[in-house]
file coords-v4.cif (mmCIF, C-alpha atoms)
data_input
loop_
_atom_site.label_atom_id
_atom_site.label_comp_id
_atom_site.auth_asym_id
_atom_site.auth_seq_id
_atom_site.Cartn_x
_atom_site.Cartn_y
_atom_site.Cartn_z
CA MET A 75 41.70 -91.05 -24.58
CA TYR A 76 39.90 -91.14 -27.91
CA SER A 77 41.21 -88.98 -30.74
CA LYS A 78 41.26 -89.23 -34.49
CA GLU A 79 44.99 -89.84 -34.37
CA ASN A 80 44.72 -92.59 -31.77
CA ASN A 81 41.76 -94.18 -33.51
CA GLU A 82 43.67 -94.53 -36.77
CA GLY A 83 46.90 -95.44 -35.02
CA CYS A 84 47.20 -97.35 -31.77
CA TYR A 85 43.48 -98.01 -31.29
CA GLY A 86 43.06 -99.67 -34.67
CA VAL A 87 46.34 -101.63 -34.66
CA TYR A 88 47.40 -102.90 -31.28
CA PRO A 89 45.61 -105.85 -29.58
CA PHE A 90 46.12 -104.40 -26.08
CA SER A 91 44.10 -101.25 -26.76
CA GLY A 92 40.44 -100.57 -27.35
CA ILE A 93 37.20 -101.99 -25.96
CA PRO A 94 37.09 -105.78 -26.66
CA THR A 95 34.01 -106.15 -28.81
CA PHE A 96 34.14 -108.91 -31.43
CA LEU A 97 36.52 -107.71 -34.17
CA ARG A 98 36.02 -104.18 -32.81
CA ALA A 99 32.47 -104.18 -34.17
CA LYS A 100 29.98 -101.74 -32.71
CA GLU A 101 28.20 -103.13 -29.66
CA LEU A 102 24.45 -102.63 -29.67
CA ARG A 103 23.75 -101.76 -26.05
CA THR A 104 20.12 -100.66 -26.07
CA LYS A 105 16.84 -101.81 -27.54
CA GLU A 106 16.72 -98.66 -29.64
CA GLU A 107 20.21 -99.27 -31.05
CA PHE A 108 19.29 -102.86 -31.88
CA GLU A 109 16.05 -101.94 -33.62
CA SER A 110 17.66 -99.24 -35.76
CA ALA A 111 20.84 -101.16 -36.59
CA ASN A 112 21.54 -102.54 -40.05
CA PHE A 113 23.58 -105.75 -39.80
CA ASP A 114 23.81 -109.15 -41.47
CA ILE A 115 26.00 -110.96 -38.92
CA GLY A 116 25.31 -110.93 -35.19
CA ILE A 117 27.66 -112.03 -32.42
CA LEU A 118 25.98 -113.12 -29.18
CA GLY A 119 27.92 -114.00 -26.04
CA ILE A 120 26.53 -116.65 -23.68
CA PRO A 121 28.60 -116.54 -20.44
CA PHE A 122 27.00 -119.63 -18.93
CA ASP A 123 28.63 -122.65 -17.27
CA GLU A 124 25.90 -123.92 -14.95
CA GLY A 125 25.86 -127.01 -17.17
CA MET A 126 29.36 -128.07 -16.07
CA PRO A 127 29.24 -131.08 -13.71
CA PHE A 128 33.07 -131.13 -13.63
CA ILE A 129 35.23 -127.97 -13.69
CA PRO A 130 33.52 -124.58 -14.23
CA GLY A 131 34.99 -121.55 -15.98
CA THR A 132 33.58 -121.54 -19.50
CA ARG A 133 31.45 -118.52 -18.55
CA PHE A 134 34.58 -116.49 -19.30
CA GLY A 135 34.83 -117.91 -22.84
CA PRO A 136 32.94 -115.16 -24.70
CA ARG A 137 35.07 -112.41 -23.18
CA ALA A 138 38.32 -114.28 -23.91
CA ILE A 139 37.35 -114.85 -27.54
CA ARG A 140 36.43 -111.19 -27.98
CA GLU A 141 39.81 -110.17 -26.56
CA GLN A 142 41.61 -112.39 -29.04
CA THR A 143 39.75 -110.81 -31.97
CA LEU A 144 41.54 -107.54 -31.20
CA ARG A 145 44.59 -109.15 -32.82
CA TYR A 146 42.91 -108.82 -36.22
CA ASN A 147 42.45 -105.68 -38.30
CA LYS A 148 39.25 -104.70 -40.07
CA ARG A 149 40.53 -105.30 -43.59
CA GLY A 150 39.46 -108.96 -43.35
CA TYR A 151 41.79 -111.93 -43.17
CA TYR A 152 44.34 -113.07 -45.70
CA SER A 153 44.97 -116.59 -47.03
CA VAL A 154 48.58 -116.95 -48.15
CA ASP A 155 47.85 -120.20 -50.00
CA GLU A 156 45.01 -118.65 -52.00
CA ASP A 157 46.39 -115.09 -52.13
CA LYS A 158 42.94 -113.91 -51.18
CA ILE A 159 41.38 -111.59 -48.60
CA PHE A 160 38.20 -112.84 -46.93
CA LEU A 161 35.49 -110.74 -45.21
CA SER A 162 36.73 -107.44 -46.65
CA ARG A 163 33.22 -106.43 -47.72
CA GLU A 164 31.56 -107.49 -44.48
CA PHE A 165 34.12 -105.56 -42.43
CA GLY A 166 34.36 -102.59 -44.77
CA GLU A 167 30.59 -102.07 -44.86
CA GLU A 168 30.24 -102.83 -41.12
CA ARG A 169 27.83 -105.69 -41.71
CA LEU A 170 28.78 -107.28 -38.37
CA ALA A 171 27.41 -106.24 -34.97
CA ASP A 172 28.32 -107.34 -31.47
CA LEU A 173 25.01 -107.95 -29.68
CA GLY A 174 26.60 -108.24 -26.26
CA ASP A 175 25.88 -111.05 -23.80
CA VAL A 176 22.69 -112.80 -22.80
CA ALA A 177 21.60 -111.73 -19.30
CA ILE A 178 22.46 -114.82 -17.25
CA THR A 179 21.25 -115.30 -13.68
CA PRO A 180 23.70 -117.58 -11.84
CA THR A 181 22.02 -120.64 -10.24
CA ASP A 182 18.78 -120.05 -12.17
CA ILE A 183 19.44 -122.67 -14.82
CA GLU A 184 16.05 -122.95 -16.47
CA GLY A 185 15.46 -119.20 -16.29
CA SER A 186 18.82 -118.54 -17.96
CA LEU A 187 18.15 -121.10 -20.68
CA THR A 188 14.81 -119.43 -21.39
CA GLN A 189 16.55 -116.07 -21.58
CA ILE A 190 18.99 -117.51 -24.14
CA THR A 191 16.16 -118.82 -26.32
CA ASP A 192 14.24 -115.53 -26.10
CA SER A 193 17.36 -113.56 -27.09
CA VAL A 194 18.02 -115.81 -30.10
CA ARG A 195 14.41 -115.51 -31.30
CA THR A 196 14.48 -111.71 -30.97
CA ILE A 197 17.65 -111.52 -33.09
CA LEU A 198 16.44 -113.92 -35.79
CA LEU A 199 13.10 -112.14 -36.12
CA LYS A 200 14.95 -108.94 -37.07
CA LYS A 201 14.80 -109.75 -40.76
CA LYS A 202 16.07 -107.66 -43.63
CA ASP A 203 14.63 -108.31 -47.08
CA GLY A 204 13.13 -111.48 -45.65
CA CYS A 205 16.47 -112.81 -44.34
CA SER A 206 17.39 -113.36 -40.70
CA PRO A 207 20.91 -112.38 -39.60
CA LEU A 208 23.59 -115.03 -39.49
CA LEU A 209 23.86 -115.59 -35.74
CA ILE A 210 27.15 -116.70 -34.18
CA SER A 211 26.97 -117.51 -30.48
CA LEU A 212 29.98 -117.74 -28.18
CA GLY A 213 29.79 -120.11 -25.21
CA GLY A 214 29.77 -120.99 -22.47
CA ASP A 215 29.52 -124.74 -21.97
CA HIS A 216 27.83 -126.98 -24.51
CA SER A 217 24.52 -127.00 -22.67
CA VAL A 218 23.81 -123.62 -24.31
CA SER A 219 23.41 -125.20 -27.76
CA ASN A 220 20.06 -126.61 -26.64
CA PRO A 221 18.37 -123.23 -25.94
CA VAL A 222 20.16 -121.58 -28.87
CA ILE A 223 18.96 -124.14 -31.42
CA ARG A 224 15.51 -124.12 -29.80
CA GLY A 225 15.35 -120.39 -30.56
CA PHE A 226 16.15 -121.05 -34.22
CA ASP A 227 12.54 -122.06 -34.72
CA ALA A 228 12.17 -118.33 -35.42
CA LEU A 229 13.70 -118.95 -38.85
CA GLY A 230 10.42 -120.54 -39.92
CA GLU A 231 12.18 -123.44 -41.67
CA ALA A 232 13.59 -126.80 -40.63
CA PHE A 233 17.34 -127.41 -40.89
CA HIS A 234 20.06 -129.98 -40.32
CA VAL A 235 22.42 -129.83 -37.33
CA VAL A 236 26.09 -130.85 -37.52
CA GLN A 237 27.97 -131.15 -34.23
CA PHE A 238 31.79 -131.31 -34.06
CA ASP A 239 32.68 -132.79 -30.69
CA ALA A 240 34.66 -135.42 -28.80
CA HIS A 241 31.48 -136.42 -26.93
CA PRO A 242 27.92 -137.09 -28.12
CA ASP A 243 26.32 -134.98 -25.34
CA TYR A 244 23.30 -137.28 -25.54
CA ALA A 245 22.66 -138.26 -21.92
CA LYS A 246 19.19 -139.30 -20.81
CA ALA A 247 17.29 -136.70 -18.84
CA GLU A 248 16.70 -137.48 -15.18
CA PRO A 249 14.82 -135.51 -12.52
CA GLY A 250 16.96 -132.53 -11.61
CA PHE A 251 19.63 -133.53 -14.11
CA SER A 252 18.63 -132.74 -17.66
CA TYR A 253 20.35 -129.51 -18.73
CA THR A 254 24.08 -130.20 -18.32
CA ASN A 255 26.65 -130.16 -21.10
CA ALA A 256 26.10 -133.92 -21.39
CA HIS A 257 22.44 -133.45 -22.47
CA PRO A 258 21.98 -130.82 -25.19
CA PHE A 259 21.78 -132.98 -28.30
CA ARG A 260 19.26 -135.37 -26.78
CA HIS A 261 17.01 -132.28 -26.62
CA VAL A 262 18.07 -130.97 -30.04
CA ALA A 263 17.38 -134.26 -31.82
CA GLY A 264 13.75 -134.12 -30.70
CA MET A 265 13.03 -130.60 -31.93
CA SER A 266 10.44 -130.40 -34.69
CA HIS A 267 12.49 -127.87 -36.68
CA VAL A 268 15.61 -130.09 -36.72
CA LYS A 269 15.68 -132.34 -39.79
CA SER A 270 18.69 -134.43 -38.78
CA LEU A 271 21.59 -134.60 -36.35
CA THR A 272 25.11 -135.54 -37.47
CA GLN A 273 27.77 -135.86 -34.77
CA VAL A 274 31.37 -135.73 -35.99
CA GLY A 275 34.63 -136.52 -34.19
CA ILE A 276 33.07 -138.56 -31.38
CA ARG A 277 35.88 -140.53 -29.74
CA SER A 278 35.83 -140.41 -25.93
CA VAL A 279 36.09 -143.87 -24.38
CA ARG A 280 33.29 -142.66 -22.07
CA ALA A 281 30.97 -141.95 -25.01
CA PHE A 282 28.46 -144.75 -24.33
CA GLN A 283 25.66 -142.30 -25.19
CA ALA A 284 26.67 -142.69 -28.84
CA ARG A 285 24.77 -145.98 -28.88
CA ASP A 286 21.55 -144.22 -27.92
CA SER A 287 22.15 -141.54 -30.52
CA ARG A 288 22.65 -144.09 -33.29
CA ALA A 289 19.61 -146.05 -32.13
CA ASP A 290 17.57 -142.86 -32.49
CA GLY A 291 18.62 -142.55 -36.13
CA ASN A 292 21.36 -139.93 -35.82
CA GLN A 293 24.65 -140.15 -37.71
CA VAL A 294 27.59 -140.63 -35.31
CA ILE A 295 31.00 -140.34 -36.96
CA GLY A 296 34.06 -141.47 -35.01
CA MET A 297 37.61 -140.53 -35.93
CA LYS A 298 38.28 -143.68 -37.99
CA ARG A 299 35.26 -142.92 -40.15
CA PHE A 300 36.20 -139.23 -40.21
CA TYR A 301 39.56 -140.07 -41.80
CA GLU A 302 37.88 -142.39 -44.29
CA LEU A 303 35.42 -139.72 -45.40
CA GLY A 304 37.57 -136.60 -45.25
CA PRO A 305 36.13 -133.07 -45.09
CA LYS A 306 34.21 -133.32 -48.37
CA GLY A 307 32.78 -136.68 -47.36
CA ILE A 308 31.62 -135.25 -44.05
CA ALA A 309 29.85 -132.41 -45.86
CA ALA A 310 28.28 -134.93 -48.27
CA LEU A 311 26.39 -136.46 -45.33
CA ILE A 312 24.07 -133.43 -45.54
CA PRO A 313 21.86 -132.96 -48.63
CA ALA A 314 23.29 -130.31 -50.97
CA GLY A 315 21.79 -126.85 -50.68
CA GLU A 316 19.91 -127.60 -47.45
CA PRO A 317 19.94 -125.21 -44.46
CA CYS A 318 22.38 -126.27 -41.77
CA TYR A 319 23.31 -125.18 -38.25
CA VAL A 320 26.80 -126.05 -36.95
CA SER A 321 27.83 -126.51 -33.33
CA ILE A 322 31.57 -126.55 -32.62
CA ASP A 323 32.92 -127.85 -29.32
CA ILE A 324 36.56 -126.80 -29.07
CA ASP A 325 37.37 -130.35 -27.89
CA ALA A 326 36.75 -131.57 -31.43
CA LEU A 327 40.43 -130.59 -31.72
CA ASP A 328 43.09 -132.85 -30.22
CA CYS A 329 43.80 -132.26 -26.53
CA THR A 330 47.37 -131.18 -27.30
CA LEU A 331 45.96 -128.12 -29.10
CA VAL A 332 43.41 -126.97 -26.51
CA PRO A 333 44.80 -126.83 -22.96
CA GLY A 334 42.05 -124.36 -22.08
CA CYS A 335 39.28 -126.95 -22.41
CA VAL A 336 37.95 -128.94 -19.47
CA SER A 337 37.07 -132.13 -21.35
CA ALA A 338 39.71 -132.26 -24.08
CA GLU A 339 40.40 -135.76 -25.42
CA PRO A 340 43.26 -137.45 -27.34
CA ASN A 341 43.00 -138.57 -30.97
CA GLY A 342 41.20 -135.43 -32.07
CA MET A 343 41.27 -133.37 -35.24
CA THR A 344 44.03 -131.05 -36.30
CA PHE A 345 43.14 -127.42 -36.79
CA ARG A 346 43.30 -127.80 -40.56
CA GLU A 347 41.09 -130.92 -40.57
CA LEU A 348 38.41 -129.04 -38.69
CA THR A 349 38.61 -125.84 -40.74
CA ASP A 350 38.58 -127.84 -44.00
CA SER A 351 35.46 -129.66 -42.80
CA LEU A 352 33.76 -126.38 -41.94
CA ALA A 353 34.72 -124.93 -45.32
CA ALA A 354 33.28 -127.98 -47.09
CA LEU A 355 30.01 -127.59 -45.18
CA ALA A 356 29.83 -123.89 -46.05
CA LYS A 357 30.21 -124.77 -49.72
CA ARG A 358 27.67 -127.62 -49.76
CA CYS A 359 24.98 -126.28 -47.41
CA ARG A 360 23.36 -122.96 -46.55
CA ILE A 361 24.70 -122.17 -43.10
CA VAL A 362 22.03 -120.47 -40.97
CA GLY A 363 24.09 -120.06 -37.81
CA PHE A 364 26.75 -121.62 -35.63
CA ASP A 365 28.13 -121.69 -32.13
CA LEU A 366 31.52 -122.32 -30.55
CA VAL A 367 31.66 -123.57 -26.97
CA GLU A 368 33.72 -125.00 -24.11
CA VAL A 369 36.62 -122.52 -24.05
CA ALA A 370 37.79 -122.28 -20.41
CA PRO A 371 40.25 -119.37 -20.22
CA LEU A 372 41.27 -119.96 -16.59
CA LEU A 373 42.81 -123.29 -17.62
CA ASP A 374 44.54 -121.92 -20.70
CA THR A 375 48.22 -121.17 -21.28
CA PRO A 376 49.50 -117.64 -20.63
CA ASN A 377 49.31 -116.76 -24.34
CA LYS A 378 45.64 -117.93 -24.43
CA ILE A 379 46.20 -120.33 -27.33
CA THR A 380 42.82 -122.06 -26.89
CA SER A 381 40.92 -118.78 -27.09
CA TYR A 382 43.01 -117.80 -30.11
CA LEU A 383 42.30 -121.08 -31.93
CA ALA A 384 38.59 -120.62 -31.19
CA THR A 385 38.73 -117.12 -32.65
CA GLN A 386 40.54 -118.32 -35.76
CA LEU A 387 37.99 -121.11 -36.28
CA ILE A 388 35.12 -118.62 -36.11
CA ILE A 389 36.72 -116.12 -38.46
CA GLU A 390 37.79 -118.71 -41.05
CA PHE A 391 34.37 -120.39 -41.04
CA LEU A 392 32.63 -117.04 -41.32
CA GLY A 393 34.91 -116.10 -44.21
CA ARG A 394 34.02 -119.28 -46.10
CA ILE A 395 30.29 -118.74 -45.56
CA CYS A 396 30.51 -115.19 -46.90
CA GLU A 397 32.19 -116.41 -50.09
CA GLU A 398 29.22 -118.54 -51.12
CA ASP A 399 26.52 -117.48 -53.58
CA TYR A 400 23.70 -117.94 -51.06
CA TRP A 401 25.37 -115.30 -48.91
CA LYS A 402 26.33 -112.92 -51.69
CA LYS A 403 22.70 -112.82 -52.85
CA ARG A 404 21.95 -110.78 -49.73
CA TYR A 405 23.73 -107.85 -51.38
CA LEU A 406 21.94 -108.00 -54.74
#
call {"tool": "encode", "arguments": {"input": "coords-v4.cif", "output": "structure tokens"}}
result
Amino acid sequence: MYSKENNEGCYGVYPFSGIPTFLRAKELRTKEEFESANFDIGILGIPFDEGMPFIPGTRFGPRAIREQTLRYNKRGYYSVDEDKIFLSREFGEERLADLGDVAITPTDIEGSLTQITDSVRTILLKKKDGCSPLLISLGGDHSVSNPVIRGFDALGEAFHVVQFDAHPDYAKAEPGFSYTNAHPFRHVAGMSHVKSLTQVGIRSVRAFQARDSRADGNQVIGMKRFYELGPKGIAALIPAGEPCYVSIDIDALDCTLVPGCVSAEPNGMTFRELTDSLAALAKRCRIVGFDLVEVAPLLDTPNKITSYLATQLIIEFLGRICEEDYWKKRYL
């Protein structure tokens, strides 16, 4: 039962108590609450796995990630190496809102994808001082990045897309088979508001689609090239100061780190290699939004390590974004 004592004690401390919104942020449940809310960062769940030709279950990813965020307190997060607290202002001033989940209709693939795009556009059109919220979407399988990025046309500006992934997800569309998690970036690359597509960490021995992607003028970076460039070199592939959207497939990490991922592959990144790359992008570019996909909780270990790593990736990336001048100007 709610009480002041419980709210300041057990409710605010222990990860097994409380309603699992993202980082215990207020959930905006109604149209009226959304329209009157004042937030700079929006969390949108996309519980969709109709794009999985192999093993389903990523529809439970958004809920699992939200549950893992209950392990954090609302003071921000602390870097021991830097002796610094990140996100303290954003948390302290309640600049983050949980926007709930997109209304998905199972088996209605195209209808659900349209609903995702409409939801993204509605959120991005809620501008404050001319700025759209920073939208973070939680998947779901990787097919959702197509309708999400499609909805980012509401920004009114073109941007670059960087995809961290073991697979290019660049399959050719065929009748009745064009919206799986193997297809999204074929669609994304053709969008008029996408300036460029850079695919990082591609390494699957089944990744023949990478040839098509390169032939279409996209940058495809395998692991050998990734190690040659390093995080700062990866970021330098995008023009400095340009707007950038980032899509993170959890299988960018090595398969030994992510048991709760259907298509995990060997020879992937370490956690630090990926977070350093995201930090470098946040410093070089103006991040307009990002997604994290392909967490499959039903395959995970009992301690939900894959969901926890996904949560930590999101929070660390968000913390780096909020340290940059382009973000801090929102408060001036």
call {"tool": "residues_around", "arguments": {"input": "coords-v4.cif", "residues": "Tyr405 of chain A", "least_positions_apart": "5", "cutoff": "12 Å", "atoms": "all atoms listed in the file", "output": "number ranges by chain"}}
result
A: 113-114, 163-164, 167, 169, 202-203, 205, 396, 399-400
call {"tool": "atom_distance", "arguments": {"input": "coords-v4.cif", "atom1": "atom CA of Pro207 of chain A", "atom2": "atom CA of Ser266 of chain A"}}
result
21.4 Å
call {"tool": "residues_around", "arguments": {"input": "coords-v4.cif", "residues": "Ser278 of chain A", "least_positions_apart": "3", "cutoff": "7 Å", "atoms": "all atoms listed in the file", "output": "list in words"}}
result
Ala240, His241, Ala281 and Glu339 of chain A
call {"tool": "resolve_selection", "arguments": {"input": "coords-v4.cif", "expression": "the PyMOL selection byres ((chain A and resi 106-112) around 12)", "output": "mmCIF file with C-alpha atoms, keeping the file's coordinate frame"}}
result
data_model
loop_
_atom_site.group_PDB
_atom_site.id
_atom_site.type_symbol
_atom_site.label_atom_id
_atom_site.label_comp_id
_atom_site.auth_asym_id
_atom_site.auth_seq_id
_atom_site.Cartn_x
_atom_site.Cartn_y
_atom_site.Cartn_z
ATOM 1 C CA LYS A 100 29.980 -101.740 -32.710
ATOM 2 C CA GLU A 101 28.200 -103.130 -29.660
ATOM 3 C CA LEU A 102 24.450 -102.630 -29.670
ATOM 4 C CA ARG A 103 23.750 -101.760 -26.050
ATOM 5 C CA THR A 104 20.120 -100.660 -26.070
ATOM 6 C CA LYS A 105 16.840 -101.810 -27.540
ATOM 7 C CA PHE A 113 23.580 -105.750 -39.800
ATOM 8 C CA ASP A 114 23.810 -109.150 -41.470
ATOM 9 C CA ILE A 115 26.000 -110.960 -38.920
ATOM 10 C CA GLY A 116 25.310 -110.930 -35.190
ATOM 11 C CA GLU A 167 30.590 -102.070 -44.860
ATOM 12 C CA GLU A 168 30.240 -102.830 -41.120
ATOM 13 C CA ARG A 169 27.830 -105.690 -41.710
ATOM 14 C CA LEU A 170 28.780 -107.280 -38.370
ATOM 15 C CA ALA A 171 27.410 -106.240 -34.970
ATOM 16 C CA ASP A 172 28.320 -107.340 -31.470
ATOM 17 C CA LEU A 173 25.010 -107.950 -29.680
ATOM 18 C CA GLY A 174 26.600 -108.240 -26.260
ATOM 19 C CA SER A 193 17.360 -113.560 -27.090
ATOM 20 C CA THR A 196 14.480 -111.710 -30.970
ATOM 21 C CA ILE A 197 17.650 -111.520 -33.090
ATOM 22 C CA LEU A 199 13.100 -112.140 -36.120
ATOM 23 C CA LYS A 200 14.950 -108.940 -37.070
ATOM 24 C CA LYS A 201 14.800 -109.750 -40.760
ATOM 25 C CA LYS A 202 16.070 -107.660 -43.630
ATOM 26 C CA ASP A 203 14.630 -108.310 -47.080
ATOM 27 C CA SER A 206 17.390 -113.360 -40.700
ATOM 28 C CA PRO A 207 20.910 -112.380 -39.600
#
call {"tool": "closest_residue", "arguments": {"input": "coords-v4.cif", "among": "A:Glu141, A:Asp239, A:Asp323, A:Asp365", "to": "Ser91 of chain A", "atoms": "all atoms listed in the file"}}
result
A:Glu141
call {"tool": "resolve_selection", "arguments": {"input": "coords-v4.cif", "expression": "the PyMOL selection byres ((chain A and resi 338) around 12)", "output": "ChimeraX atom specification"}}
result
/A:239-241,276-278,323-337,339-343,368-370,373-374,380
call {"tool": "resolve_selection", "arguments": {"input": "coords-v4.cif", "expression": "the PyMOL selection byres ((chain A and resi 352-354) around 12)", "output": "PyMOL selection string"}}
result
chain A and resi 236-238+274+304-312+314+318-322+345-351+355-361+364+387-398
call {"tool": "residues_near_point", "arguments": {"input": "coords-v4.cif", "point": "(34.4, -106.4, -23.8)", "cutoff": "7 Å", "atoms": "all atoms listed in the file", "output": "ChimeraX atom specification"}}
result
/A:93-95,137,140
call {"tool": "residues_around", "arguments": {"input": "coords-v4.cif", "residues": "Ile190 of chain A", "least_positions_apart": "5", "cutoff": "7 Å", "atoms": "only C-alpha atoms", "output": "JSON, numbers by chain"}}
result
{"A": [176, 221, 222]}
